[in-house]
>>> print(open('data-v3.txt').read())   # compact mmCIF, C-alpha atoms
# COMPACT_ATOMS: atom_id res chain seq x y z
CA MET P 1 8.49 -40.91 -52.61
CA ARG P 2 4.93 -40.46 -51.34
CA ARG P 3 2.81 -38.22 -53.56
CA ARG P 4 1.02 -35.41 -51.82
CA SER P 5 -2.18 -34.00 -53.23
CA THR P 6 -2.20 -30.22 -53.71
CA LEU P 7 -5.85 -29.66 -52.87
CA PRO P 8 -5.73 -30.68 -49.17
CA ALA P 9 -2.64 -28.51 -48.74
CA ILE P 10 -4.47 -25.49 -50.22
CA VAL P 11 -7.49 -26.21 -47.99
CA ASN P 12 -5.21 -26.46 -44.94
CA VAL P 13 -3.50 -23.18 -45.71
CA ALA P 14 -6.83 -21.46 -46.37
CA VAL P 15 -8.33 -22.75 -43.11
CA PHE P 16 -5.15 -21.79 -41.26
CA ILE P 17 -5.20 -18.23 -42.61
CA LEU P 18 -8.91 -17.89 -41.94
CA LEU P 19 -8.64 -19.07 -38.33
CA GLU P 20 -5.56 -16.96 -37.62
CA ILE P 21 -7.29 -13.87 -39.01
CA ALA P 22 -10.33 -14.67 -36.84
CA SER P 23 -8.08 -15.03 -33.78
CA LEU P 24 -6.25 -11.79 -34.52
CA TYR P 25 -9.56 -10.02 -35.06
CA LEU P 26 -10.82 -11.25 -31.67
CA LEU P 27 -7.56 -10.27 -30.01
CA ARG P 28 -7.47 -6.87 -31.69
CA HIS P 29 -11.09 -6.08 -30.80
CA ASN P 30 -10.92 -7.61 -27.36
CA THR P 31 -11.53 -4.34 -25.56
CA GLU P 32 -14.47 -3.38 -27.76
CA LEU P 33 -15.95 -6.82 -27.24
CA GLN P 34 -15.84 -6.36 -23.49
CA GLY P 35 -18.97 -4.29 -23.77
CA ALA P 36 -20.83 -6.93 -25.73
CA TRP P 37 -22.97 -9.68 -24.35
CA ILE P 38 -20.43 -12.39 -25.09
CA THR P 39 -17.90 -10.85 -22.74
CA ARG P 40 -20.49 -10.18 -20.08
CA MET P 41 -21.33 -13.88 -20.17
CA SER P 42 -17.65 -14.73 -19.95
CA ASN P 43 -17.20 -12.36 -17.01
CA GLY P 44 -20.26 -13.81 -15.30
CA PHE P 45 -18.81 -17.30 -15.62
CA LYS P 46 -15.42 -16.21 -14.32
CA SER P 47 -16.86 -14.35 -11.36
CA VAL P 48 -19.20 -17.18 -10.34
CA ILE P 49 -16.86 -20.13 -10.84
CA TRP P 50 -13.43 -18.70 -10.03
CA GLY P 51 -14.71 -16.09 -7.59
CA GLY P 52 -16.01 -18.87 -5.32
CA SER P 53 -12.52 -20.19 -4.81
CA GLU P 54 -11.18 -16.74 -4.00
CA SER P 55 -13.55 -16.57 -1.04
CA VAL P 56 -11.67 -19.46 0.61
CA SER P 57 -8.39 -17.53 0.61
CA ASP P 58 -10.32 -14.39 1.64
CA PHE P 59 -11.53 -16.24 4.74
CA PHE P 60 -8.00 -16.84 5.97
CA ALA P 61 -7.10 -13.19 5.47
CA LEU P 62 -10.15 -11.79 7.30
CA LYS P 63 -8.37 -10.12 10.20
CA GLY P 64 -5.94 -8.15 8.07
CA THR P 65 -8.70 -7.42 5.60
CA ASN P 66 -10.95 -5.99 8.30
CA ASN P 67 -8.19 -3.71 9.48
CA ARG P 68 -7.56 -2.47 5.97
CA LEU P 69 -11.29 -2.06 5.40
CA ALA P 70 -11.70 -0.02 8.55
CA ASN P 71 -8.84 2.17 7.45
CA ASP P 72 -10.30 2.52 3.96
CA ASN P 73 -13.69 3.43 5.45
CA TYR P 74 -12.08 6.12 7.51
CA LEU P 75 -10.32 7.55 4.47
CA LEU P 76 -13.55 7.32 2.46
CA GLN P 77 -15.48 9.22 5.09
CA GLN P 78 -12.87 11.91 5.01
CA GLU P 79 -13.14 11.98 1.25
CA VAL P 80 -16.95 12.24 1.42
CA LEU P 81 -16.70 15.12 3.84
CA ARG P 82 -14.18 16.83 1.61
CA LEU P 83 -16.40 16.34 -1.45
CA GLN P 84 -19.51 17.54 0.37
CA ASP P 85 -17.62 20.62 1.38
CA TYR P 86 -16.43 21.00 -2.18
CA ILE P 87 -19.97 20.71 -3.60
CA ARG P 88 -21.22 23.25 -1.08
CA ASN P 89 -18.58 25.69 -2.20
CA ALA P 90 -19.19 24.88 -5.83
CA ARG P 91 -22.87 25.79 -5.55
CA ILE P 92 -21.81 29.21 -4.44
CA ASP P 93 -19.25 29.61 -7.16
CA THR P 94 -20.60 28.05 -10.35
CA MET P 95 -17.46 28.96 -12.28
CA LYS P 96 -15.54 26.69 -9.96
CA VAL P 97 -17.83 23.74 -10.76
CA ARG P 98 -17.15 24.10 -14.47
CA SER P 99 -13.42 24.23 -14.00
CA SER P 100 -12.96 21.21 -11.73
CA ALA P 101 -15.85 18.87 -11.18
CA GLY P 102 -15.35 16.07 -8.65
CA PHE P 103 -15.13 12.30 -8.67
CA THR P 104 -17.77 9.80 -7.56
CA MET P 105 -16.35 7.06 -5.36
CA ILE P 106 -17.84 3.58 -4.90
CA PRO P 107 -16.28 1.03 -2.56
CA ALA P 108 -16.06 -2.46 -4.05
CA GLU P 109 -14.79 -5.92 -3.29
CA VAL P 110 -12.46 -7.77 -5.62
CA VAL P 111 -14.33 -10.92 -6.72
CA LYS P 112 -11.59 -12.23 -8.97
CA MET P 113 -8.21 -10.96 -10.03
CA SER P 114 -5.73 -12.70 -12.30
CA ARG P 115 -2.03 -12.09 -11.71
CA ASN P 116 -0.35 -14.82 -13.72
CA LYS P 117 -0.55 -13.45 -17.25
CA GLN P 118 0.56 -10.50 -19.35
CA HIS P 119 -3.11 -9.51 -19.78
CA ASN P 120 -4.53 -9.57 -16.27
CA TYR P 121 -8.01 -8.52 -15.25
CA ILE P 122 -10.03 -7.68 -12.15
CA ILE P 123 -13.71 -8.41 -11.50
CA LEU P 124 -15.40 -6.26 -8.86
CA ASN P 125 -18.74 -6.86 -7.13
CA ARG P 126 -20.26 -3.55 -8.22
CA GLY P 127 -22.10 -2.99 -11.49
CA TYR P 128 -24.26 -0.41 -13.21
CA GLU P 129 -27.00 -0.98 -10.63
CA ASP P 130 -24.53 0.44 -8.11
CA GLY P 131 -23.68 3.38 -10.35
CA VAL P 132 -20.45 2.03 -11.83
CA LYS P 133 -19.66 3.28 -15.31
CA GLU P 134 -17.09 2.27 -17.93
CA LYS P 135 -13.80 4.17 -17.96
CA SER P 136 -13.83 4.53 -14.21
CA GLY P 137 -10.56 4.22 -12.35
CA ILE P 138 -9.94 1.69 -9.59
CA ILE P 139 -7.79 2.78 -6.70
CA THR P 140 -6.81 1.68 -3.24
CA ARG P 141 -5.19 3.75 -0.57
CA GLU P 142 -1.84 2.52 -1.91
CA GLY P 143 -2.28 3.46 -5.53
CA VAL P 144 -4.00 2.72 -8.80
CA ILE P 145 -4.91 -0.86 -9.73
CA GLY P 146 -6.96 -0.69 -12.93
CA ILE P 147 -9.60 0.83 -15.19
CA VAL P 148 -13.18 -0.43 -15.58
CA ASP P 149 -13.65 -1.75 -19.09
CA ALA P 150 -17.14 -3.27 -19.05
CA VAL P 151 -20.02 -3.24 -16.60
CA SER P 152 -22.86 -5.70 -16.03
CA ALA P 153 -25.73 -5.27 -13.58
CA ARG P 154 -23.79 -6.39 -10.52
CA HIS P 155 -20.19 -6.76 -11.67
CA ALA P 156 -17.51 -4.63 -13.22
CA TYR P 157 -14.76 -6.08 -15.42
CA ALA P 158 -11.56 -4.09 -15.32
CA LEU P 159 -8.18 -4.18 -16.98
CA SER P 160 -5.65 -4.60 -14.20
CA PHE P 161 -2.66 -2.28 -14.09
CA GLN P 162 -0.78 -5.58 -14.58
CA ASN P 163 -1.87 -5.62 -18.20
CA ASN P 164 0.20 -4.76 -21.27
CA ASP P 165 -2.71 -2.75 -22.66
CA LEU P 166 -2.84 -0.31 -19.77
CA SER P 167 -0.86 2.85 -19.12
CA ILE P 168 -1.50 5.59 -16.60
CA SER P 169 -0.54 9.22 -16.87
CA ALA P 170 1.86 9.84 -13.99
CA ARG P 171 3.99 12.66 -12.68
CA LEU P 172 7.42 12.48 -11.09
CA GLY P 173 7.61 14.23 -7.73
CA GLU P 174 5.48 17.19 -6.72
CA SER P 175 6.17 19.20 -9.84
CA GLY P 176 8.30 17.00 -12.09
CA GLY P 177 7.72 15.87 -15.66
CA SER P 178 4.79 13.71 -16.69
CA GLY P 179 4.99 10.38 -18.47
CA LEU P 180 3.22 7.07 -18.89
CA LEU P 181 3.37 4.52 -16.09
CA VAL P 182 3.19 0.92 -17.30
CA TRP P 183 3.65 -2.45 -15.61
CA ASP P 184 7.09 -4.02 -16.12
CA GLY P 185 5.52 -7.43 -16.80
CA LYS P 186 7.68 -9.22 -14.23
CA GLY P 187 6.75 -8.69 -10.61
CA SER P 188 3.71 -7.53 -8.70
CA ARG P 189 5.29 -4.20 -7.68
CA GLY P 190 7.41 -3.33 -10.68
CA ALA P 191 6.52 -0.53 -13.10
CA ILE P 192 8.22 1.74 -15.62
CA LEU P 193 7.63 5.45 -16.04
CA LYS P 194 8.14 6.04 -19.76
CA GLU P 195 8.36 8.97 -22.16
CA LEU P 196 9.62 11.46 -19.62
CA PRO P 197 11.24 14.56 -21.07
CA LEU P 198 15.04 14.37 -20.97
CA GLN P 199 15.26 17.53 -18.89
CA SER P 200 13.13 16.03 -16.08
CA LYS P 201 15.09 16.24 -12.87
CA TYR P 202 14.60 13.65 -10.18
CA SER P 203 16.32 11.73 -7.43
CA PRO P 204 15.94 8.01 -6.80
CA GLY P 205 13.33 7.63 -4.08
CA ASP P 206 11.10 10.46 -5.34
CA THR P 207 7.40 9.67 -5.19
CA VAL P 208 5.45 9.11 -8.43
CA PHE P 209 1.88 10.51 -8.45
CA THR P 210 -1.07 10.37 -10.84
CA SER P 211 -0.85 13.45 -13.03
CA GLY P 212 -4.60 14.03 -13.42
CA HIS P 213 -4.15 14.52 -17.18
CA SER P 214 -6.11 11.39 -18.10
CA LEU P 215 -9.49 12.41 -16.60
CA ILE P 216 -9.85 8.87 -15.24
CA PHE P 217 -7.89 9.21 -12.02
CA PRO P 218 -7.83 12.12 -9.59
CA PRO P 219 -4.47 13.86 -9.50
CA ASP P 220 -1.87 13.39 -6.76
CA ILE P 221 -2.53 9.77 -5.83
CA PRO P 222 0.85 8.41 -4.71
CA LEU P 223 1.74 5.38 -6.84
CA GLY P 224 5.29 4.40 -5.97
CA THR P 225 8.89 5.45 -5.68
CA ALA P 226 11.31 6.17 -8.49
CA GLY P 227 14.36 3.97 -9.02
CA ASN P 228 17.05 3.99 -11.70
CA ALA P 229 16.75 5.92 -14.95
CA LYS P 230 17.88 5.24 -18.47
CA ILE P 231 17.73 7.25 -21.67
CA VAL P 232 15.77 5.69 -24.55
CA ASN P 233 16.86 6.45 -28.13
CA GLY P 234 18.46 9.66 -26.89
CA ALA P 235 15.04 11.26 -26.82
CA THR P 236 13.19 10.34 -23.63
CA LYS P 237 13.91 9.13 -20.14
CA GLU P 238 12.63 5.90 -18.62
CA ILE P 239 12.57 5.32 -14.87
CA SER P 240 11.91 2.12 -12.96
CA VAL P 241 9.25 2.49 -10.27
CA THR P 242 8.51 0.37 -7.22
CA LEU P 243 4.76 0.52 -6.62
CA PHE P 244 3.33 1.03 -3.14
CA GLN P 245 0.54 -1.38 -3.97
CA GLU P 246 1.22 -5.08 -3.49
CA PHE P 247 -1.24 -6.66 -5.94
CA LYS P 248 -1.28 -10.00 -4.16
CA ALA P 249 -2.84 -8.32 -1.09
CA ILE P 250 -5.75 -6.57 -2.79
CA ARG P 251 -9.19 -7.51 -1.46
CA TYR P 252 -11.04 -4.19 -1.54
CA ALA P 253 -10.88 -1.22 -3.86
CA ILE P 254 -12.55 2.08 -4.62
CA ILE P 255 -14.05 2.80 -8.02
CA VAL P 256 -13.61 6.45 -8.99
CA HIS P 257 -15.49 8.09 -11.81
CA ASN P 258 -14.86 11.56 -13.13
CA ASN P 259 -18.26 13.26 -13.15
CA SER P 260 -17.28 15.46 -16.06
CA LEU P 261 -15.74 12.68 -18.18
CA GLU P 262 -18.75 12.26 -20.48
CA GLU P 263 -19.06 16.00 -20.87
CA VAL P 264 -15.40 16.38 -21.82
CA GLU P 265 -15.57 13.43 -24.23
CA GLU P 266 -18.66 14.91 -25.85
CA PHE P 267 -16.81 18.17 -26.18
CA LEU P 268 -13.83 16.47 -27.83
CA LYS P 269 -15.98 14.71 -30.51
CA MET U 1 -9.36 -46.19 -25.96
CA THR U 2 -12.62 -45.68 -27.85
CA ALA U 3 -13.46 -42.40 -29.60
CA ASN U 4 -16.06 -41.57 -26.93
CA ASN U 5 -13.55 -42.14 -24.17
CA PHE U 6 -11.04 -39.96 -25.95
CA TRP U 7 -13.40 -36.99 -26.17
CA ARG U 8 -14.39 -37.50 -22.53
CA ALA U 9 -10.70 -37.42 -21.58
CA TYR U 10 -10.22 -34.41 -23.86
CA ALA U 11 -12.99 -32.56 -22.00
CA LEU U 12 -11.39 -33.41 -18.65
CA VAL U 13 -7.96 -32.17 -19.80
CA PHE U 14 -9.69 -29.01 -21.07
CA ILE U 15 -11.12 -28.47 -17.57
CA ALA U 16 -7.65 -29.12 -16.14
CA GLN U 17 -6.33 -26.37 -18.44
CA LEU U 18 -9.01 -23.97 -17.13
CA LEU U 19 -7.93 -24.74 -13.57
CA LEU U 20 -4.29 -24.30 -14.52
CA SER U 21 -5.00 -20.93 -16.16
CA ASN U 22 -6.69 -19.72 -13.01
CA TYR U 23 -4.60 -21.22 -10.26
CA PHE U 24 -1.09 -21.50 -11.69
CA ASP U 25 0.14 -18.29 -10.15
CA PHE U 26 3.91 -18.73 -10.09
CA ALA U 27 4.88 -15.59 -12.01
CA PRO U 28 3.37 -13.47 -14.78
CA TRP U 29 6.29 -14.42 -17.04
CA ILE U 30 5.60 -18.13 -16.81
CA THR U 31 2.64 -19.75 -18.46
CA ALA U 32 1.65 -23.38 -18.04
CA THR U 33 -0.31 -24.89 -20.89
CA LEU U 34 -1.66 -28.29 -21.85
CA LEU U 35 -3.19 -27.11 -25.10
CA PRO U 36 -0.41 -28.10 -27.57
CA ALA U 37 -0.32 -31.60 -26.08
CA MET U 38 -4.10 -31.84 -26.45
CA ILE U 39 -3.88 -30.98 -30.14
CA LEU U 40 -0.97 -33.36 -30.67
CA CYS U 41 -3.05 -36.19 -29.21
CA LEU U 42 -6.05 -35.65 -31.49
CA PRO U 43 -6.83 -38.80 -33.49
CA LEU U 44 -4.83 -38.90 -36.72
CA THR U 45 -7.96 -39.92 -38.57
CA LEU U 46 -8.92 -36.24 -38.30
CA SER U 47 -7.72 -34.09 -41.17
CA THR U 48 -5.39 -31.16 -40.54
CA ALA U 49 -8.20 -28.73 -41.36
CA ALA U 50 -10.49 -30.40 -38.79
CA ALA U 51 -7.65 -30.37 -36.23
CA MET U 52 -7.17 -26.64 -36.84
CA VAL U 53 -10.88 -25.97 -36.30
CA ILE U 54 -10.80 -28.00 -33.06
CA ALA U 55 -7.64 -26.14 -32.00
CA PHE U 56 -9.33 -22.80 -32.68
CA LEU U 57 -12.43 -23.75 -30.69
CA THR U 58 -10.38 -25.22 -27.84
CA GLY U 59 -8.19 -22.11 -27.63
CA LEU U 60 -11.20 -19.85 -27.82
CA GLY U 61 -12.88 -21.88 -25.08
CA VAL U 62 -9.94 -21.32 -22.74
CA ASP U 63 -9.80 -17.63 -23.67
CA PHE U 64 -13.50 -17.26 -23.04
CA LEU U 65 -13.69 -19.20 -19.78
CA ALA U 66 -10.38 -18.53 -18.09
CA ASP U 67 -7.79 -16.40 -19.83
CA GLY U 68 -7.65 -12.62 -20.03
CA ALA U 69 -7.35 -11.82 -23.72
CA ILE U 70 -9.96 -13.38 -26.01
CA GLY U 71 -8.29 -14.85 -29.09
CA LEU U 72 -4.80 -15.30 -27.64
CA ASN U 73 -4.81 -19.07 -27.08
CA ALA U 74 -6.76 -19.62 -30.29
CA LEU U 75 -4.13 -17.66 -32.23
CA ALA U 76 -1.27 -19.70 -30.76
CA LEU U 77 -2.94 -23.10 -31.00
CA VAL U 78 -3.97 -23.15 -34.67
CA PRO U 79 -0.32 -23.25 -35.91
CA VAL U 80 0.25 -26.29 -33.66
CA ALA U 81 -2.60 -28.08 -35.40
CA LEU U 82 -1.15 -27.12 -38.78
CA ALA U 83 2.26 -28.48 -37.82
CA ARG U 84 0.93 -31.54 -35.98
CA ASN U 85 1.43 -34.11 -38.75
CA GLY U 86 4.84 -32.67 -39.58
CA ILE U 87 6.00 -32.89 -35.97
CA LEU U 88 4.79 -36.47 -35.56
CA GLU U 89 6.34 -37.52 -38.88
CA LEU U 90 9.62 -35.85 -38.02
CA VAL U 91 9.92 -37.30 -34.52
CA LEU U 92 8.00 -40.56 -34.61
CA GLY U 93 8.42 -41.57 -38.25
CA GLN U 94 6.31 -41.61 -41.41
CA GLU U 95 4.50 -44.82 -40.50
CA ILE U 96 2.45 -43.11 -37.83
CA ILE U 97 0.96 -40.77 -40.46
CA THR U 98 0.41 -43.29 -43.24
CA ARG U 99 -1.18 -45.90 -40.96
CA LYS U 100 -2.91 -43.25 -38.86
CA LYS U 101 -1.81 -45.00 -35.71
CA GLN U 102 -1.98 -43.10 -32.46
CA PHE U 103 1.23 -42.64 -30.54
CA ASN U 104 1.69 -43.32 -26.86
CA PHE U 105 4.55 -43.69 -24.41
CA ARG U 106 4.55 -47.51 -24.53
CA ARG U 107 4.63 -47.85 -28.29
CA ASN U 108 6.86 -44.92 -29.21
CA GLY U 109 8.98 -44.42 -26.11
CA PHE U 110 9.07 -41.58 -23.62
CA GLY U 111 11.90 -39.61 -25.30
CA PRO U 112 10.40 -39.23 -28.80
CA VAL U 113 6.93 -38.42 -27.44
CA ALA U 114 8.41 -35.82 -25.06
CA LEU U 115 10.38 -34.33 -27.98
CA ALA U 116 7.20 -34.07 -30.07
CA VAL U 117 5.48 -32.31 -27.15
CA VAL U 118 8.43 -29.92 -26.76
CA LEU U 119 8.25 -29.00 -30.48
CA ALA U 120 4.50 -28.39 -30.23
CA LEU U 121 5.05 -26.31 -27.09
CA ALA U 122 7.77 -24.33 -28.85
CA ILE U 123 5.41 -23.38 -31.69
CA PHE U 124 2.58 -22.50 -29.28
CA LEU U 125 4.74 -20.49 -26.88
CA THR U 126 6.51 -18.57 -29.65
CA VAL U 127 3.18 -17.25 -30.91
CA TYR U 128 1.67 -16.92 -27.42
CA VAL U 129 4.60 -14.91 -25.99
CA TRP U 130 4.82 -12.75 -29.12
CA ALA U 131 1.10 -11.93 -29.12
CA SER U 132 0.82 -11.68 -25.36
CA THR U 133 3.62 -9.15 -24.97
CA ALA U 134 2.51 -7.37 -28.16
CA GLY U 135 5.76 -5.50 -28.69
CA THR U 136 5.74 -3.96 -25.22
CA ARG U 137 8.57 -6.09 -23.83
CA SER U 138 12.21 -6.53 -24.80
CA PHE U 139 13.46 -9.49 -26.81
CA TRP U 140 15.29 -10.83 -23.74
CA PHE U 141 12.14 -10.66 -21.63
CA CYS U 142 10.25 -12.63 -24.29
CA LEU U 143 13.06 -15.18 -24.52
CA GLY U 144 13.05 -15.61 -20.73
CA TYR U 145 9.26 -15.90 -20.76
CA PHE U 146 9.51 -18.60 -23.44
CA TRP U 147 12.27 -20.65 -21.79
CA ALA U 148 10.73 -20.41 -18.32
CA SER U 149 7.36 -21.61 -19.65
CA VAL U 150 8.66 -24.65 -21.55
CA PRO U 151 9.68 -26.87 -18.59
CA PHE U 152 6.59 -26.03 -16.54
CA SER U 153 4.29 -26.69 -19.47
CA LEU U 154 6.18 -29.86 -20.41
CA VAL U 155 5.59 -31.47 -17.02
CA PHE U 156 1.83 -30.82 -17.21
CA SER U 157 1.70 -31.71 -20.91
CA LEU U 158 3.25 -35.14 -20.38
CA LEU U 159 0.55 -35.88 -17.84
CA ALA U 160 -2.03 -34.74 -20.38
CA VAL U 161 -0.51 -37.01 -23.06
CA ARG U 162 -0.68 -39.91 -20.64
CA ALA U 163 -4.39 -39.23 -20.14
CA LEU U 164 -5.14 -38.66 -23.83
CA ALA U 165 -2.83 -40.92 -25.83
CA PRO U 166 -5.25 -43.36 -27.38
CA THR U 167 -4.20 -46.71 -28.78
CA ASP U 168 -6.82 -47.76 -31.32
CA ILE U 169 -9.13 -44.99 -32.47
CA ARG U 170 -10.49 -45.65 -35.93
>>> encode(input="data-v3.txt", output="C-alpha cells")
Amino acid sequence: MRRRSTLPAIVNVAVFILLEIASLYLLRHNTELQGAWITRMSNGFKSVIWGGSESVSDFFALKGTNNRLANDNYLLQQEVLRLQDYIRNARIDTMKVRSSAGFTMIPAEVVKMSRNKQHNYIILNRGYEDGVKEKSGIITREGVIGIVDAVSARHAYALSFQNNDLSISARLGESGGSGLLVWDGKGSRGAILKELPLQSKYSPGDTVFTSGHSLIFPPDIPLGTAGNAKIVNGATKEISVTLFQEFKAIRYAIIVHNNSLEEVEEFLK
Amino acid sequence: MTANNFWRAYALVFIAQLLLSNYFDFAPWITATLLPAMILCLPLTLSTAAAMVIAFLTGLGVDFLADGAIGLNALALVPVALARNGILELVLGQEIITRKKQFNFRRNGFGPVALAVVLALAIFLTVYVWASTAGTRSFWFCLGYFWASVPFSLVFSLLAVRALAPTDIR
C-alpha cells in the first residue's frame, strides 16, 4: 500500500478551510462590499463590457421601447405635477410635510441586467452625479424591479427583485394584510407573498400592492395578482403572485428615493 | 501541450466562462459552468494546495467579472480542487496520480473522463446550489436546480476538457 505523508494532508485541509472561510466571508459581506471600491470597479467592468452587448438587443427593440418611454414620460410628468402640487400644499401646512414627505424620481436606462442566476443584479446609467442614492427603489409602471445597493459617479448597482436576498413589503388588495413579497426563483413573473396573517381574507385575482411600510417604495404601486394560497407551519399564509412586470422586457426604469429616509434612519439609531 | 500553452488555453476557457455567465440565459434555475472541468484539467504536477489557491482565484475572478454574488463560485470551486486527485484516482486509476500524467480523451477514453467531469460538477453544483439558494428554496427546487444544471454544464465542460487536456506537461 502506498504510504501517504500526514503533513501535506494537514496543509491541504488548512488551505481548504482558510479558502472556504474567505469565500464565505466574501459571500456574507457581499452587500457591504458593494459600497467599496472593489465592487465599484467590478460594476464598472460589467457595465462597460457586458452593457455594450445589451445595446445590440436594445436596437432591435427600439420601436416598442420608444412607445413605452413615451408612456413613462407621460406618467412621470403627471407625477411631477402631482408632487409640485404636493410641495405647494406642504409649504402651507408644515405639519403635513413632517408626516409624509415625498419621493424623488429619476428616470434611468438599464445598462445591464442579469436574469439567469439566483442572485441577479441591475446596473442603471444614473449615479450620484445624477442624484441617485443608495437604498433607493427602482420601479417601472408595471411594478417594482429592485433596490439600489451601491452608487458610482455615473452608474447605480442594484439588487434585482429576482434575487434571493431581496424582499419587498407588500399588501394584499386595497386593505388586506401585509407580508413580504419575494421572487419564487423560477420564472421571470413568479413571486410569493409570505408571512401573511392567517386571518387575511383574499380572493385569487386580487391585486398585490406595495405597502409603503419599508420607506423605500411609495405605497400602492400595483405589483401583481394573487394566485393560490397555502398555510405554512399552521402559523402564516403564503400566496403565489403573478407579477405584472415581465423582467425580460425591461429597458427603462424610474429610481425613487424617499426624501425622509435618512431622517427616519437617523431617528431610529 | 507546453505549460505556456496550457495557461493560455486556461485563460481562454476562463473568458468563455465569463461569456457563459453573462449570456447563458435559459432559466434562473439552470447554471452552466466550465469551472470544475478547468480545475480537473490543472497539471497534476501542481500540489492540491496550489490547485485550491488557483480554484479560489479562478472562482473569485468569475464572481468579480461576471457573476452576481462575490464569493459564490470561489466557495464552490475550492472543494473541487481538494477532491481533484481523489476523483482522478477513483475514475482513471492510481497510475495517473503517481506518474503525474495528464489525462485526455484519447489516452483515457471518453467515458471515464466524462465520469470524472460529472463527479467534479456534482461537487461544485452541490455547494453552488446550496449557497446560491441560501435556505430560501425548498429541497425539491434545489434538487431540480442541481439536476437541470448537470447536463448543460457537462456539454460545455467536455468542450473545455478538449481544449485544456494537456498531454505532456512537466
>>> interface_residues(input="data-v3.txt", of="chain U", to="chain P", cutoff="6 Å", atoms="all atoms listed in the file", output="PyMOL selection string")
chain U and resi 25+27-28+49+64-65+68+70-71+74-75
>>> residues_around(input="data-v3.txt", residues="Glu238 in chain P", least_positions_apart="6", cutoff="9 Å", atoms="all atoms listed in the file", output="number ranges by chain")
P: 179, 192-196, 228-232
>>> closest_residue(input="data-v3.txt", among="U:Leu72, U:Ile96, U:Val80, U:Cys142", to="Ala55 in chain U", atoms="only C-alpha atoms")
U:Val80
>>> atom_distance(input="data-v3.txt", atom1="CA of Gly131 in chain P", atom2="CA of Val110 in chain P")
16.5 Å
>>> residues_around(input="data-v3.txt", residues="Leu12 in chain U", least_positions_apart="5", cutoff="10 Å", atoms="all atoms listed in the file", output="list in words")
Phe6, Trp7, Gln17, Leu18, Ala160, Ala163 and Leu164 of chain U
>>> write_last_selection(input="data-v3.txt", atoms="C-alpha atoms", output="compact mmCIF listing (two decimals), keeping the file's coordinate frame")
# COMPACT_ATOMS: atom_id res chain seq x y z
CA PHE U 6 -11.04 -39.96 -25.95
CA TRP U 7 -13.40 -36.99 -26.17
CA GLN U 17 -6.33 -26.37 -18.44
CA LEU U 18 -9.01 -23.97 -17.13
CA ALA U 160 -2.03 -34.74 -20.38
CA ALA U 163 -4.39 -39.23 -20.14
CA LEU U 164 -5.14 -38.66 -23.83
>>> atom_distance(input="data-v3.txt", atom1="CA of Val132 in chain P", atom2="CA of Ser160 in chain P")
16.4 Å
>>> atom_distance(input="data-v3.txt", atom1="CA of Val144 in chain P", atom2="CA of Gly177 in chain P")
18.9 Å
>>> axis_aligned_box(input="data-v3.txt", around="range 153-170 of chain P", padding_each_side="5 Å", output="JSON")
{"center_x": -11.9, "center_y": 1.5, "center_z": -16.6, "size_x": 37.6, "size_y": 26.6, "size_z": 22.1}
>>> closest_residue(input="data-v3.txt", among="U:Thr98, U:Thr33, U:Ala69, U:Val62", to="Thr45 in chain U", atoms="all atoms listed in the file")
U:Thr98
>>> closest_residue(input="data-v3.txt", among="U:Leu143, U:Cys41, U:Leu34, U:Leu46", to="Trp130 in chain U", atoms="only C-alpha atoms")
U:Leu143
>>> decode(input="data-v3.txt", residues="range 246-258 of chain P", atoms="N, CA and C atoms", output="PDB file, in the first residue's frame")
ATOM      1  N   GLU P 246     -42.849  42.007 -16.649  1.00  0.00           N
ATOM      2  CA  GLU P 246     -42.072  40.967 -17.334  1.00  0.00           C
ATOM      3  C   GLU P 246     -40.611  41.445 -17.355  1.00  0.00           C
ATOM      4  N   PHE P 247     -39.754  40.779 -16.595  1.00  0.00           N
ATOM      5  CA  PHE P 247     -38.378  41.267 -16.434  1.00  0.00           C
ATOM      6  C   PHE P 247     -37.567  41.235 -17.724  1.00  0.00           C
ATOM      7  N   LYS P 248     -37.935  40.330 -18.629  1.00  0.00           N
ATOM      8  CA  LYS P 248     -37.183  40.252 -19.884  1.00  0.00           C
ATOM      9  C   LYS P 248     -37.375  41.512 -20.730  1.00  0.00           C
ATOM     10  N   ALA P 249     -38.453  42.266 -20.476  1.00  0.00           N
ATOM     11  CA  ALA P 249     -38.794  43.407 -21.334  1.00  0.00           C
ATOM     12  C   ALA P 249     -38.312  44.743 -20.772  1.00  0.00           C
ATOM     13  N   ILE P 250     -37.615  44.713 -19.651  1.00  0.00           N
ATOM     14  CA  ILE P 250     -37.249  45.983 -19.013  1.00  0.00           C
ATOM     15  C   ILE P 250     -36.090  46.666 -19.743  1.00  0.00           C
ATOM     16  N   ARG P 251     -36.297  47.899 -20.157  1.00  0.00           N
ATOM     17  CA  ARG P 251     -35.231  48.709 -20.756  1.00  0.00           C
ATOM     18  C   ARG P 251     -35.039  50.011 -19.967  1.00  0.00           C
ATOM     19  N   TYR P 252     -36.139  50.536 -19.460  1.00  0.00           N
ATOM     20  CA  TYR P 252     -36.102  51.798 -18.725  1.00  0.00           C
ATOM     21  C   TYR P 252     -36.758  51.614 -17.357  1.00  0.00           C
ATOM     22  N   ALA P 253     -36.331  52.447 -16.429  1.00  0.00           N
ATOM     23  CA  ALA P 253     -36.877  52.339 -15.076  1.00  0.00           C
ATOM     24  C   ALA P 253     -36.876  53.715 -14.413  1.00  0.00           C
ATOM     25  N   ILE P 254     -37.508  53.805 -13.279  1.00  0.00           N
ATOM     26  CA  ILE P 254     -37.512  55.046 -12.513  1.00  0.00           C
ATOM     27  C   ILE P 254     -36.929  54.754 -11.127  1.00  0.00           C
ATOM     28  N   ILE P 255     -35.941  55.559 -10.751  1.00  0.00           N
ATOM     29  CA  ILE P 255     -35.343  55.398  -9.425  1.00  0.00           C
ATOM     30  C   ILE P 255     -36.106  56.302  -8.459  1.00  0.00           C
ATOM     31  N   VAL P 256     -36.625  55.724  -7.390  1.00  0.00           N
ATOM     32  CA  VAL P 256     -37.381  56.527  -6.423  1.00  0.00           C
ATOM     33  C   VAL P 256     -36.644  56.555  -5.094  1.00  0.00           C
ATOM     34  N   HIS P 257     -36.526  57.728  -4.539  1.00  0.00           N
ATOM     35  CA  HIS P 257     -35.837  57.843  -3.248  1.00  0.00           C
ATOM     36  C   HIS P 257     -36.712  58.600  -2.263  1.00  0.00           C
ATOM     37  N   ASN P 258     -36.897  57.986  -1.120  1.00  0.00           N
ATOM     38  CA  ASN P 258     -37.699  58.610  -0.068  1.00  0.00           C
ATOM     39  C   ASN P 258     -36.904  59.756   0.543  1.00  0.00           C
TER      40      ASN P 258
END
